[in-house]
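**Q** Pasting upload-v4.txt below, which is compact mmCIF, N, CA and C atoms.
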# COMPACT_ATOMS: atom_id res chain seq x y z
N GLN N 27 95.82 97.34 101.69
CA GLN N 27 96.67 98.18 102.49
C GLN N 27 97.91 98.56 101.67
N VAL N 28 98.14 99.86 101.52
CA VAL N 28 99.28 100.30 100.73
C VAL N 28 100.54 100.25 101.57
N GLN N 29 101.63 99.86 100.93
CA GLN N 29 102.94 99.93 101.57
C GLN N 29 103.71 101.09 100.98
N LEU N 30 104.31 101.89 101.83
CA LEU N 30 105.12 103.02 101.39
C LEU N 30 106.53 102.81 101.91
N VAL N 31 107.49 102.91 101.01
CA VAL N 31 108.88 102.67 101.40
C VAL N 31 109.72 103.87 101.00
N GLU N 32 110.26 104.55 102.00
CA GLU N 32 111.12 105.71 101.75
C GLU N 32 112.57 105.26 101.57
N SER N 33 113.29 106.06 100.81
CA SER N 33 114.72 105.83 100.64
C SER N 33 115.38 107.16 100.30
N GLY N 34 116.71 107.17 100.34
CA GLY N 34 117.45 108.36 99.93
C GLY N 34 118.00 109.19 101.05
N GLY N 35 117.66 108.83 102.28
CA GLY N 35 118.19 109.58 103.41
C GLY N 35 119.68 109.30 103.60
N GLY N 36 120.28 110.06 104.50
CA GLY N 36 121.70 109.85 104.77
C GLY N 36 122.30 111.03 105.49
N LEU N 37 123.62 111.06 105.49
CA LEU N 37 124.38 112.13 106.13
C LEU N 37 124.89 113.08 105.06
N VAL N 38 124.66 114.37 105.25
CA VAL N 38 125.09 115.37 104.27
C VAL N 38 125.57 116.60 105.03
N GLN N 39 126.49 117.31 104.43
CA GLN N 39 126.98 118.54 105.05
C GLN N 39 126.00 119.68 104.80
N ALA N 40 126.02 120.64 105.69
CA ALA N 40 125.18 121.82 105.52
C ALA N 40 125.45 122.46 104.15
N GLY N 41 124.37 122.85 103.50
CA GLY N 41 124.48 123.41 102.16
C GLY N 41 124.32 122.39 101.06
N GLY N 42 124.35 121.11 101.42
CA GLY N 42 124.22 120.05 100.43
C GLY N 42 122.78 119.75 100.07
N SER N 43 122.62 118.72 99.25
CA SER N 43 121.30 118.33 98.75
C SER N 43 121.08 116.83 98.91
N LEU N 44 119.83 116.47 99.01
CA LEU N 44 119.42 115.07 99.01
C LEU N 44 118.10 114.96 98.28
N ARG N 45 117.85 113.82 97.68
CA ARG N 45 116.53 113.55 97.11
C ARG N 45 115.98 112.29 97.76
N LEU N 46 114.86 112.46 98.42
CA LEU N 46 114.17 111.32 99.02
C LEU N 46 113.16 110.76 98.04
N SER N 47 112.97 109.45 98.10
CA SER N 47 111.97 108.78 97.28
C SER N 47 111.03 108.00 98.18
N CYS N 48 109.82 107.85 97.73
CA CYS N 48 108.83 107.06 98.45
C CYS N 48 108.08 106.24 97.40
N ALA N 49 108.29 104.94 97.45
CA ALA N 49 107.66 104.04 96.49
C ALA N 49 106.44 103.39 97.12
N ALA N 50 105.34 103.39 96.36
CA ALA N 50 104.10 102.79 96.84
C ALA N 50 103.89 101.44 96.18
N SER N 51 103.21 100.56 96.91
CA SER N 51 103.05 99.17 96.45
C SER N 51 101.78 98.94 95.65
N VAL N 52 100.94 99.97 95.48
CA VAL N 52 99.64 99.75 94.84
C VAL N 52 99.53 100.54 93.55
N ARG N 53 98.75 100.00 92.61
CA ARG N 53 98.57 100.69 91.33
C ARG N 53 97.64 101.89 91.44
N THR N 54 96.92 101.98 92.58
CA THR N 54 96.02 103.13 92.76
C THR N 54 96.75 104.35 93.31
N PHE N 55 98.06 104.28 93.35
CA PHE N 55 98.87 105.41 93.84
C PHE N 55 98.44 106.71 93.20
N SER N 56 98.20 106.70 91.91
CA SER N 56 97.92 107.93 91.17
C SER N 56 96.59 108.56 91.55
N ASN N 57 95.76 107.87 92.33
CA ASN N 57 94.46 108.41 92.70
C ASN N 57 94.50 109.28 93.96
N TYR N 58 95.66 109.31 94.62
CA TYR N 58 95.73 109.93 95.94
C TYR N 58 96.81 111.01 96.02
N GLY N 59 96.50 112.03 96.82
CA GLY N 59 97.54 112.98 97.17
C GLY N 59 98.55 112.32 98.09
N MET N 60 99.75 112.89 98.10
CA MET N 60 100.82 112.37 98.94
C MET N 60 101.47 113.51 99.71
N GLY N 61 102.03 113.16 100.85
CA GLY N 61 102.69 114.18 101.66
C GLY N 61 103.99 113.68 102.26
N TRP N 62 104.83 114.65 102.62
CA TRP N 62 106.05 114.38 103.37
C TRP N 62 105.95 115.10 104.71
N PHE N 63 106.36 114.40 105.75
CA PHE N 63 106.43 114.96 107.10
C PHE N 63 107.81 114.65 107.66
N ARG N 64 108.17 115.31 108.74
CA ARG N 64 109.44 115.00 109.38
C ARG N 64 109.30 115.11 110.90
N GLN N 65 110.14 114.36 111.57
CA GLN N 65 110.13 114.38 113.03
C GLN N 65 111.56 114.44 113.54
N ALA N 66 111.88 115.54 114.18
CA ALA N 66 113.19 115.72 114.78
C ALA N 66 113.16 115.16 116.20
N PRO N 67 114.32 114.82 116.75
CA PRO N 67 114.37 114.27 118.11
C PRO N 67 113.71 115.20 119.11
N GLY N 68 112.80 114.64 119.90
CA GLY N 68 112.13 115.40 120.94
C GLY N 68 111.05 116.33 120.45
N LYS N 69 110.73 116.25 119.15
CA LYS N 69 109.70 117.14 118.60
C LYS N 69 108.58 116.33 117.98
N GLU N 70 107.46 117.02 117.76
CA GLU N 70 106.33 116.36 117.12
C GLU N 70 106.56 116.26 115.61
N ARG N 71 105.85 115.32 115.01
CA ARG N 71 105.92 115.19 113.56
C ARG N 71 105.32 116.43 112.91
N ALA N 72 106.01 116.94 111.91
CA ALA N 72 105.61 118.21 111.31
C ALA N 72 105.48 118.09 109.80
N PHE N 73 104.57 118.85 109.26
CA PHE N 73 104.33 118.87 107.82
C PHE N 73 105.52 119.48 107.08
N VAL N 74 105.84 118.86 105.94
CA VAL N 74 106.91 119.38 105.08
C VAL N 74 106.34 119.84 103.75
N ALA N 75 105.69 118.92 103.04
CA ALA N 75 105.18 119.24 101.70
C ALA N 75 104.12 118.24 101.31
N ALA N 76 103.26 118.63 100.36
CA ALA N 76 102.24 117.73 99.86
C ALA N 76 101.99 118.02 98.40
N ILE N 77 101.46 117.01 97.72
CA ILE N 77 101.19 117.13 96.29
C ILE N 77 99.87 116.45 95.99
N SER N 78 99.09 117.06 95.11
CA SER N 78 97.79 116.50 94.76
C SER N 78 97.97 115.24 93.91
N TRP N 79 96.87 114.52 93.72
CA TRP N 79 96.93 113.24 93.01
C TRP N 79 97.45 113.41 91.59
N SER N 80 97.13 114.55 90.97
CA SER N 80 97.54 114.79 89.59
C SER N 80 98.95 115.36 89.49
N GLY N 81 99.46 115.86 90.62
CA GLY N 81 100.75 116.53 90.59
C GLY N 81 100.68 118.01 90.26
N VAL N 82 99.48 118.49 89.97
CA VAL N 82 99.34 119.89 89.55
C VAL N 82 99.52 120.85 90.72
N ASN N 83 99.00 120.47 91.87
CA ASN N 83 99.05 121.37 93.03
C ASN N 83 100.01 120.85 94.08
N THR N 84 100.81 121.76 94.61
CA THR N 84 101.74 121.44 95.68
C THR N 84 101.59 122.45 96.81
N TYR N 85 102.05 122.06 97.97
CA TYR N 85 101.91 122.90 99.15
C TYR N 85 103.10 122.62 100.05
N TYR N 86 103.69 123.68 100.61
CA TYR N 86 104.88 123.55 101.42
C TYR N 86 104.72 124.24 102.76
N ALA N 87 105.45 123.72 103.73
CA ALA N 87 105.59 124.47 104.98
C ALA N 87 106.27 125.79 104.65
N ASP N 88 105.80 126.85 105.24
CA ASP N 88 106.30 128.19 104.90
C ASP N 88 107.81 128.29 105.02
N SER N 89 108.36 127.67 106.04
CA SER N 89 109.79 127.82 106.30
C SER N 89 110.66 127.06 105.31
N LEU N 90 110.03 126.20 104.50
CA LEU N 90 110.80 125.35 103.59
C LEU N 90 110.65 125.75 102.13
N LYS N 91 109.78 126.69 101.86
CA LYS N 91 109.57 127.11 100.48
C LYS N 91 110.87 127.61 99.87
N GLY N 92 111.11 127.16 98.64
CA GLY N 92 112.31 127.60 97.94
C GLY N 92 113.49 126.66 98.12
N ARG N 93 113.46 125.82 99.15
CA ARG N 93 114.55 124.87 99.36
C ARG N 93 114.13 123.44 99.06
N PHE N 94 112.87 123.13 99.30
CA PHE N 94 112.36 121.78 99.10
C PHE N 94 111.38 121.76 97.93
N THR N 95 111.40 120.67 97.17
CA THR N 95 110.47 120.51 96.05
C THR N 95 109.90 119.10 96.07
N ILE N 96 108.58 119.03 96.06
CA ILE N 96 107.91 117.73 96.00
C ILE N 96 107.46 117.48 94.57
N SER N 97 107.56 116.23 94.15
CA SER N 97 107.11 115.86 92.81
C SER N 97 106.68 114.40 92.85
N ARG N 98 106.07 113.96 91.77
CA ARG N 98 105.64 112.56 91.72
C ARG N 98 105.73 112.03 90.31
N ASP N 99 105.89 110.73 90.24
CA ASP N 99 105.88 110.02 88.97
C ASP N 99 104.84 108.92 89.12
N ASN N 100 103.65 109.16 88.60
CA ASN N 100 102.57 108.19 88.78
C ASN N 100 102.83 106.89 88.04
N ALA N 101 103.57 106.94 86.97
CA ALA N 101 103.90 105.71 86.24
C ALA N 101 104.79 104.80 87.08
N GLU N 102 105.60 105.41 87.94
CA GLU N 102 106.50 104.65 88.81
C GLU N 102 105.95 104.51 90.23
N SER N 103 104.77 105.06 90.47
CA SER N 103 104.16 105.01 91.82
C SER N 103 105.12 105.52 92.88
N THR N 104 105.75 106.64 92.57
CA THR N 104 106.77 107.18 93.47
C THR N 104 106.58 108.68 93.64
N VAL N 105 106.79 109.13 94.87
CA VAL N 105 106.81 110.55 95.17
C VAL N 105 108.21 110.91 95.65
N TYR N 106 108.64 112.11 95.30
CA TYR N 106 110.00 112.54 95.61
C TYR N 106 109.98 113.81 96.47
N LEU N 107 111.06 113.97 97.20
CA LEU N 107 111.29 115.23 97.90
C LEU N 107 112.73 115.64 97.65
N GLN N 108 112.90 116.67 96.83
CA GLN N 108 114.22 117.20 96.55
C GLN N 108 114.52 118.28 97.59
N MET N 109 115.61 118.09 98.31
CA MET N 109 115.97 119.03 99.38
C MET N 109 117.32 119.66 99.05
N SER N 110 117.38 120.96 99.08
CA SER N 110 118.63 121.64 98.78
C SER N 110 118.94 122.67 99.87
N SER N 111 120.16 123.18 99.84
CA SER N 111 120.62 124.15 100.86
C SER N 111 120.28 123.66 102.26
N LEU N 112 120.60 122.40 102.50
CA LEU N 112 120.20 121.78 103.77
C LEU N 112 120.90 122.43 104.94
N LYS N 113 120.19 122.47 106.07
CA LYS N 113 120.68 123.07 107.30
C LYS N 113 120.66 122.03 108.41
N PRO N 114 121.47 122.20 109.43
CA PRO N 114 121.44 121.23 110.54
C PRO N 114 120.03 121.06 111.14
N GLU N 115 119.24 122.10 111.13
CA GLU N 115 117.88 121.99 111.68
C GLU N 115 116.94 121.17 110.80
N ASP N 116 117.40 120.77 109.62
CA ASP N 116 116.60 119.86 108.79
C ASP N 116 116.80 118.41 109.20
N THR N 117 117.71 118.16 110.13
CA THR N 117 117.94 116.81 110.62
C THR N 117 116.68 116.25 111.25
N ALA N 118 116.23 115.09 110.75
CA ALA N 118 114.99 114.49 111.22
C ALA N 118 114.80 113.15 110.51
N ILE N 119 113.81 112.42 110.97
CA ILE N 119 113.33 111.27 110.21
C ILE N 119 112.22 111.81 109.29
N TYR N 120 112.31 111.48 108.03
CA TYR N 120 111.35 111.95 107.03
C TYR N 120 110.42 110.81 106.66
N TYR N 121 109.12 111.11 106.69
CA TYR N 121 108.09 110.12 106.41
C TYR N 121 107.25 110.56 105.21
N CYS N 122 106.90 109.61 104.36
CA CYS N 122 105.89 109.92 103.36
C CYS N 122 104.56 109.31 103.81
N ALA N 123 103.49 109.85 103.28
CA ALA N 123 102.16 109.42 103.69
C ALA N 123 101.18 109.61 102.55
N ARG N 124 100.12 108.82 102.57
CA ARG N 124 99.08 108.89 101.55
C ARG N 124 97.82 109.55 102.13
N ASP N 125 97.28 110.49 101.37
CA ASP N 125 96.04 111.17 101.75
C ASP N 125 94.90 110.17 101.84
N ARG N 126 93.99 110.40 102.79
CA ARG N 126 92.81 109.54 102.91
C ARG N 126 91.89 109.66 101.71
N SER N 127 91.86 110.85 101.10
CA SER N 127 90.85 111.16 100.09
C SER N 127 91.40 110.94 98.69
N ARG N 128 90.58 110.36 97.86
CA ARG N 128 90.93 110.21 96.45
C ARG N 128 90.66 111.51 95.70
N TYR N 129 91.48 111.73 94.71
CA TYR N 129 91.25 112.80 93.74
C TYR N 129 91.08 114.19 94.35
N SER N 130 91.70 114.40 95.50
CA SER N 130 91.64 115.74 96.07
C SER N 130 92.64 116.65 95.37
N ASN N 131 92.17 117.81 94.97
CA ASN N 131 93.05 118.77 94.31
C ASN N 131 93.72 119.72 95.29
N TYR N 132 93.43 119.53 96.56
CA TYR N 132 93.98 120.42 97.58
C TYR N 132 94.89 119.62 98.50
N PRO N 133 96.21 119.70 98.30
CA PRO N 133 97.13 118.93 99.15
C PRO N 133 96.90 119.26 100.62
N ALA N 134 96.90 118.22 101.45
CA ALA N 134 96.60 118.39 102.87
C ALA N 134 97.86 118.55 103.68
N ARG N 135 97.78 119.38 104.74
CA ARG N 135 98.94 119.54 105.62
C ARG N 135 98.70 118.94 107.00
N ARG N 136 97.47 118.57 107.31
CA ARG N 136 97.18 118.00 108.64
C ARG N 136 97.57 116.53 108.66
N ILE N 137 98.17 116.12 109.75
CA ILE N 137 98.58 114.73 109.89
C ILE N 137 97.39 113.80 109.77
N ASP N 138 96.26 114.18 110.35
CA ASP N 138 95.10 113.28 110.35
C ASP N 138 94.43 113.17 108.98
N ALA N 139 94.92 113.90 107.99
CA ALA N 139 94.41 113.76 106.63
C ALA N 139 95.03 112.56 105.91
N TYR N 140 96.03 111.95 106.55
CA TYR N 140 96.76 110.84 105.93
C TYR N 140 96.50 109.54 106.69
N ASP N 141 96.37 108.47 105.93
CA ASP N 141 96.01 107.21 106.59
C ASP N 141 97.03 106.09 106.40
N SER N 142 98.04 106.31 105.59
CA SER N 142 99.07 105.30 105.40
C SER N 142 100.43 105.99 105.45
N TRP N 143 101.36 105.35 106.17
CA TRP N 143 102.66 105.97 106.42
C TRP N 143 103.78 104.99 106.12
N GLY N 144 104.89 105.54 105.65
CA GLY N 144 106.08 104.73 105.50
C GLY N 144 106.81 104.61 106.84
N GLN N 145 107.92 103.90 106.80
CA GLN N 145 108.67 103.65 108.02
C GLN N 145 109.65 104.78 108.33
N GLY N 146 109.87 105.65 107.37
CA GLY N 146 110.75 106.80 107.58
C GLY N 146 112.16 106.56 107.11
N THR N 147 112.84 107.65 106.78
CA THR N 147 114.24 107.60 106.41
C THR N 147 114.96 108.74 107.13
N GLN N 148 116.12 108.44 107.67
CA GLN N 148 116.86 109.40 108.48
C GLN N 148 117.65 110.35 107.59
N VAL N 149 117.51 111.62 107.86
CA VAL N 149 118.33 112.65 107.22
C VAL N 149 119.10 113.37 108.32
N THR N 150 120.42 113.39 108.17
CA THR N 150 121.27 114.07 109.14
C THR N 150 122.12 115.10 108.41
N VAL N 151 122.04 116.34 108.85
CA VAL N 151 122.80 117.42 108.23
C VAL N 151 123.83 117.90 109.23
N SER N 152 125.09 117.78 108.85
CA SER N 152 126.16 118.19 109.76
C SER N 152 126.58 119.63 109.46
N SER N 153 127.01 120.30 110.50
CA SER N 153 127.39 121.71 110.35
C SER N 153 128.84 121.86 109.97
Take the structure from the file and write it as structure tokens.

**A**
Amino acid sequence: QVQLVESGGGLVQAGGSLRLSCAASVRTFSNYGMGWFRQAPGKERAFVAAISWSGVNTYYADSLKGRFTISRDNAESTVYLQMSSLKPEDTAIYYCARDRSRYSNYPARRIDAYDSWGQGTQVTVSS
């Protein structure tokens, strides 16, 4: 069972930046695609970004393209989410997750494509 631990959340003013990290506990991290999701108060968990196992392919929610960047360091078993030009509507708990499928070159956006989740990290953007 993989453990995923997010970090890097916090309080930031609108227009600011944050980088979230998600560290995995297993050496097979590099075999799987990874994704970021977020859940705002009173809303369902929503897709943010995903990256293939190799890091070559990435996929973003349409509304976040250009502001958020997902990347990974397989040597460190860590996936990152760089967030810039943050807006109050980006306030949410951010979760990282591992794809069910090994070696998929097509990052998944469906929640049910992921089988392991971190505990989440809170991001609050003040206006």

**Q** Got a sec: who's within 7 Å of Ala118 in chain N, counting all atoms listed in the file, leaving out chain neighbours fewer than 3 positions off, as a list of chain:residue names?

**A** N:Arg64, N:Gln65, N:Ala66, N:Pro67, N:Glu115, N:Thr147, N:Gln148, N:Val149, N:Thr150, N:Val151

**Q** From the set N:Tyr106, N:Ile96, N:Val52, N:Arg135, which residue has the shortest atom-to-atom contact distance to Ala72 in chain N, counting only N, CA and C atoms?

**A** N:Arg135

**Q** Suppose you want the space between CA of Ser56 in chain N and CA of Gly81 in chain N; what is it in Å?

**A**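 About the pair CA of Ser56 in chain N and CA of Gly81 in chain N: they are 9.1 Å apart.
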
**Q** Quick one: pull the distance between CA of Ser33 in chain N and CA of Ile119 in chain N, Å, one decimal.

**A** 11.1 Å

**Q** Which residue gives the smallest distance to Thr54 in chain N among N:Cys122, N:Ser142, N:Ser103, N:Ser111, with all atoms listed in the file counted?

**A**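 Ranking N:Cys122, N:Ser142, N:Ser103, N:Ser111 by distance to Thr54 in chain N, first place goes to N:Ser103.
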
**Q** Set the distance at 12 Å and use only C-alpha atoms: which residues neighbour Glu102 in chain N once local chain neighbours fewer than 5 positions away are removed? I'd like the list as an mmCIF file with N, CA and C atoms, in the coordinates of the input.

**A**
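What follows is the written file around_5.cif:
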data_model
loop_
_atom_site.group_PDB
_atom_site.id
_atom_site.type_symbol
_atom_site.label_atom_id
_atom_site.label_comp_id
_atom_site.auth_asym_id
_atom_site.auth_seq_id
_atom_site.Cartn_x
_atom_site.Cartn_y
_atom_site.Cartn_z
ATOM 1 N N SER N 47 112.970 109.450 98.100
ATOM 2 C CA SER N 47 111.970 108.780 97.280
ATOM 3 C C SER N 47 111.030 108.000 98.180
ATOM 4 N N CYS N 48 109.820 107.850 97.730
ATOM 5 C CA CYS N 48 108.830 107.060 98.450
ATOM 6 C C CYS N 48 108.080 106.240 97.400
ATOM 7 N N ALA N 49 108.290 104.940 97.450
ATOM 8 C CA ALA N 49 107.660 104.040 96.490
ATOM 9 C C ALA N 49 106.440 103.390 97.120
ATOM 10 N N ALA N 50 105.340 103.390 96.360
ATOM 11 C CA ALA N 50 104.100 102.790 96.840
ATOM 12 C C ALA N 50 103.890 101.440 96.180
ATOM 13 N N SER N 51 103.210 100.560 96.910
ATOM 14 C CA SER N 51 103.050 99.170 96.450
ATOM 15 C C SER N 51 101.780 98.940 95.650
ATOM 16 N N VAL N 52 100.940 99.970 95.480
ATOM 17 C CA VAL N 52 99.640 99.750 94.840
ATOM 18 C C VAL N 52 99.530 100.540 93.550
ATOM 19 N N ARG N 53 98.750 100.000 92.610
ATOM 20 C CA ARG N 53 98.570 100.690 91.330
ATOM 21 C C ARG N 53 97.640 101.890 91.440
ATOM 22 N N THR N 54 96.920 101.980 92.580
ATOM 23 C CA THR N 54 96.020 103.130 92.760
ATOM 24 C C THR N 54 96.750 104.350 93.310
ATOM 25 N N PHE N 55 98.060 104.280 93.350
ATOM 26 C CA PHE N 55 98.870 105.410 93.840
ATOM 27 C C PHE N 55 98.440 106.710 93.200
ATOM 28 N N SER N 56 98.200 106.700 91.910
ATOM 29 C CA SER N 56 97.920 107.930 91.170
ATOM 30 C C SER N 56 96.590 108.560 91.550
ATOM 31 N N SER N 97 107.560 116.230 94.150
ATOM 32 C CA SER N 97 107.110 115.860 92.810
ATOM 33 C C SER N 97 106.680 114.400 92.850
#

**Q** Quick one: residues within 5 Å of Asn57 in chain N, all atoms listed in the file, excluding same-chain residues fewer than 4 positions away - as number ranges by chain?

**A** N: 79, 128-129

**Q** So what do you get for atom C of Ala139 in chain N versus CA of Ala75 in chain N, distance-wise?

**A**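 Rounded to one decimal, the two atoms are 12.9 Å apart.
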
**Q** Residues of chain N classed as helix (DSSP H, G or I) by DSSP on the backbone are to be reported as an MDAnalysis selection string.

**A** chainID N and resid 53:57 88:90 114:116 137:139

**Q** Using only C-alpha atoms, pick whichever of N:Phe94, N:Tyr121, N:Tyr58, N:Tyr85 has the shortest atom-to-atom distance to Arg71 in chain N.

**A**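 Looking only at the distances to Arg71 in chain N, the closest residue turns out to be N:Tyr121.
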
**Q** Calculated over only C-alpha atoms, which of the candidates N:Ser130, N:Gly92, N:Ile137, N:Gly41 has the smallest distance to Pro114 in chain N?

**A**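 Distance minimum relative to Pro114 in chain N lands on N:Gly41.
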
**Q** Taking 5 positions as the minimum chain separation for residues in the same chain, which residues sit within 8 Å of Ser153 in chain N when counting only C-alpha atoms? Answer as a list in words.

**A**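 Non-adjacent residues within range: Gln39, Ala40, Lys113 and Pro114 of chain N.
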
**Q** Around (101.1, 107.5, 102.4), as given in the file, which residues come within 7 Å? Count only C-alpha atoms and list them as a ChimeraX atom specification.

**A** /N:30,60-61,122-125,140-144

**Q** Apply DSSP to the structure's backbone, then extract all residues of chain N labelled strand (DSSP E) and return them as a PyMOL selection string.

**A** chain N and resi 30-33+36-39+44-50+58-65+72-77+84-86+94-99+104-109+118-128+140-143+147-152

**Q** Compile the contact shell of Arg98 in chain N as an MDAnalysis selection string: residues with an atom at most 8 Å away, counting all atoms listed in the file, same-chain residues fewer than 6 positions apart removed.

**A** chainID N and resid 77 80:81 104:107
